[in-house]
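Note sheet for the following structure.
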Amino acid sequence: MIDQNLKEYIKNKRTQGLEDHEIKQKLLTVGWSEPDINIGLLNEDDIPLPNHKPTLDHTISSPPIYEPRSNLWDVFEHFILFISLYIFSISLAFILHELIDKYLPNTELYGSSYGYNSRSYSDGFLTGYAAALIVTFPIFALTFRDITSRTLKNPSLRRERSRKILTYLTLFVSFLILIVQAITTVYTFLNGNVTLNFFAHFFINCAVTGSIFGYYFNEVKEDRKLNNI
């Protein structure tokens with residue numbers, strides 16, 4: 001037997017002038033199964049389509065939105081994704097910063113173009129960062145691909161609580177880093193200590209942290225769209 005909420009939703013959306021494929025996409029997005037949607041569309045095919053769309057939608061009911069069941073594997077996979085992302089991004093940033101200081105040293109700070117060696121730079125640190133990068137990148141890439149693929153098939157996974165917590169935590173930390181970087185930049189400009197080395201470090205920080213912030217900020221926007229359907 002077809003769900004009454006589904007029947008009413010299809011009827012109301014058709015009254016608004018939406019095509020069946022648009023209605024189906026909305027229902028799939030909020031968690032309805034495709035067989036139920038197909039049955040609902042077949043049973044409602046006698047509803048005429050108007051030539052205009054109403055401007056108000058206050059009386060139209062929406063289908064129930066189901067929260068995904070708690071799945072320990074999803075929780076585990078999201079933790080693996082974000083932990084590997086943190087280690088990978090930190091390692092990448094440190095490697096780039098070390099390379100900048102090695103090949104583009106701040107001569108005003110270290111006294112000579114060869115001052116990089118006076119910092120007692122250890123190749124062991126660079127090797128350690130490289131090892132962390134090599135180990136975590138495949139883990140991050142594979143986990144990211146799997147989660148993205150499953151989320152596209154089942155958008156309700158966007159409501160997974162662990163995903164929301166880790167996403168907002170990542171947004172907060174990356175935003176904090178960007179704010180500190182902006183303050184440091186303004187402070188450096190005001191003191192007149194701007195060098196090519198400084199600009200290179202600034203670009204690395206903004207590129208790595210900004211990319212993470214931008215991606216997950218867009219994910220939050222997509223989540224909000226899903227909740228408003």
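Labels for the structure tokens follow display order: chains A, B, ..., residues from 1 in each chain, ligands from 1.
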
List the spatial neighbours of A:Tyr168 as a CSV table (one decimal) with N, CA and C atoms, in the first residue's frame - criterion: any atom at most 12 Å away, only C-alpha atoms, same-chain residues fewer than 5 positions off excluded.
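Once everything was written out, this is part-v4.csv:
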chain,number,residue,atom,x,y,z
A,82,PHE,N,39.0,11.9,8.6
A,82,PHE,CA,39.5,13.2,9.1
A,82,PHE,C,40.8,13.1,9.8
A,161,ARG,N,25.9,11.8,12.5
A,161,ARG,CA,26.3,12.8,13.5
A,161,ARG,C,27.8,12.9,13.6
A,162,SER,N,28.5,11.8,13.5
A,162,SER,CA,30.0,11.9,13.6
A,162,SER,C,30.5,12.8,12.4
A,163,ARG,N,29.9,12.7,11.2
A,163,ARG,CA,30.3,13.5,10.1
A,163,ARG,C,30.1,15.0,10.4
A,173,VAL,N,38.7,24.9,13.2
A,173,VAL,CA,40.1,24.9,13.3
A,173,VAL,C,40.8,25.6,12.1
A,174,SER,N,40.3,25.3,10.9
A,174,SER,CA,40.9,25.9,9.7
A,174,SER,C,40.6,27.4,9.7
A,175,PHE,N,39.4,27.8,10.1
A,175,PHE,CA,39.0,29.2,10.2
A,175,PHE,C,39.9,29.9,11.2
A,212,ILE,N,41.0,23.3,2.5
A,212,ILE,CA,40.2,22.5,3.5
A,212,ILE,C,39.0,23.2,3.9
A,213,PHE,N,39.2,24.5,4.3
A,213,PHE,CA,38.0,25.3,4.8
A,213,PHE,C,37.0,25.5,3.7
A,215,TYR,N,36.4,23.6,1.0
A,215,TYR,CA,35.7,22.3,0.7
A,215,TYR,C,34.6,22.0,1.7
A,216,TYR,N,34.9,22.1,3.0
A,216,TYR,CA,33.9,21.7,4.0
A,216,TYR,C,32.9,22.8,4.2
A,217,PHE,N,33.2,24.0,3.9
A,217,PHE,CA,32.2,25.1,4.0
A,217,PHE,C,31.2,24.8,2.9
A,218,ASN,N,31.6,24.4,1.7
A,218,ASN,CA,30.6,24.0,0.7
A,218,ASN,C,29.8,22.8,1.0
A,219,GLU,N,30.5,21.8,1.8
A,219,GLU,CA,29.7,20.6,2.2
A,219,GLU,C,28.6,21.0,3.2
A,220,VAL,N,28.9,22.0,4.1
A,220,VAL,CA,27.9,22.4,5.0
A,220,VAL,C,26.7,23.1,4.3
A,221,LYS,N,27.0,23.9,3.2
A,221,LYS,CA,26.0,24.5,2.4
A,221,LYS,C,25.1,23.4,1.7
A,223,ASP,N,24.6,20.4,2.9
A,223,ASP,CA,23.8,19.8,3.9
A,223,ASP,C,22.6,20.7,4.3

* Can you tell me how far atom CA of A:Leu176 sits from atom CA of A:Phe198, in Å to one decimal? ->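 Computed distance, atom CA of A:Leu176 to atom CA of A:Phe198, equals 19.5 Å.
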
* **Which residue of A:Gly124, A:Gly214, A:Pro105, A:Pro155 approaches A:Ala200 most closely, using only C-alpha atoms** =>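 Of A:Gly124, A:Gly214, A:Pro105, A:Pro155, the one nearest A:Ala200, counting only C-alpha atoms, is A:Pro105.
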
* Near-A:Thr29 list (9 Å; only C-alpha atoms; drop same-chain fewer than 2 positions) as number ranges by chain -> A: 24-27, 31-32, 154-156, 226, 229

* Asked: Quick one: residues within 10 Å of A:Phe137, only C-alpha atoms counted, chain neighbours fewer than 4 positions away excluded, as an MDAnalysis selection string?
  -> chainID A and resid 84:85 87:89 92 132:133 141:143

Let's have the selection written as an mmCIF file, in the first residue's frame, with C-alpha atoms.
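Final output, saved to selection.cif:
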data_model
loop_
_atom_site.group_PDB
_atom_site.id
_atom_site.type_symbol
_atom_site.label_atom_id
_atom_site.label_comp_id
_atom_site.auth_asym_id
_atom_site.auth_seq_id
_atom_site.Cartn_x
_atom_site.Cartn_y
_atom_site.Cartn_z
ATOM 1 C CA SER A 84 44.261 11.024 7.817
ATOM 2 C CA LEU A 85 43.287 14.437 6.402
ATOM 3 C CA ILE A 87 48.063 14.280 9.324
ATOM 4 C CA PHE A 88 48.327 14.536 5.542
ATOM 5 C CA SER A 89 47.672 18.295 5.400
ATOM 6 C CA LEU A 92 52.339 18.560 3.399
ATOM 7 C CA ALA A 132 53.650 10.570 7.115
ATOM 8 C CA LEU A 133 52.561 11.973 3.756
ATOM 9 C CA ALA A 141 42.150 9.125 -0.851
ATOM 10 C CA LEU A 142 40.546 5.677 -0.599
ATOM 11 C CA THR A 143 38.361 6.616 2.378
#

* Counting only C-alpha atoms, the option among A:Asp74, A:Glu222, A:Leu99, A:Leu190 closest to A:Arg150 -> A:Asp74

* One-decimal distance in Å that lies between atom CA of A:Trp73 and atom CA of A:Ile147 ->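 One can read the atom CA of A:Ile147 to atom CA of A:Trp73 distance as 10.9 Å.
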
* atom CA of A:Glu77 to atom CA of A:Phe144, straight-line distance in Å -> 9.0 Å

* To do: Considering only C-alpha atoms, state which residue in the set A:Leu41, A:Leu81, A:Phe172, A:Arg158 is at the smallest distance from A:Arg224.
  => A:Arg158
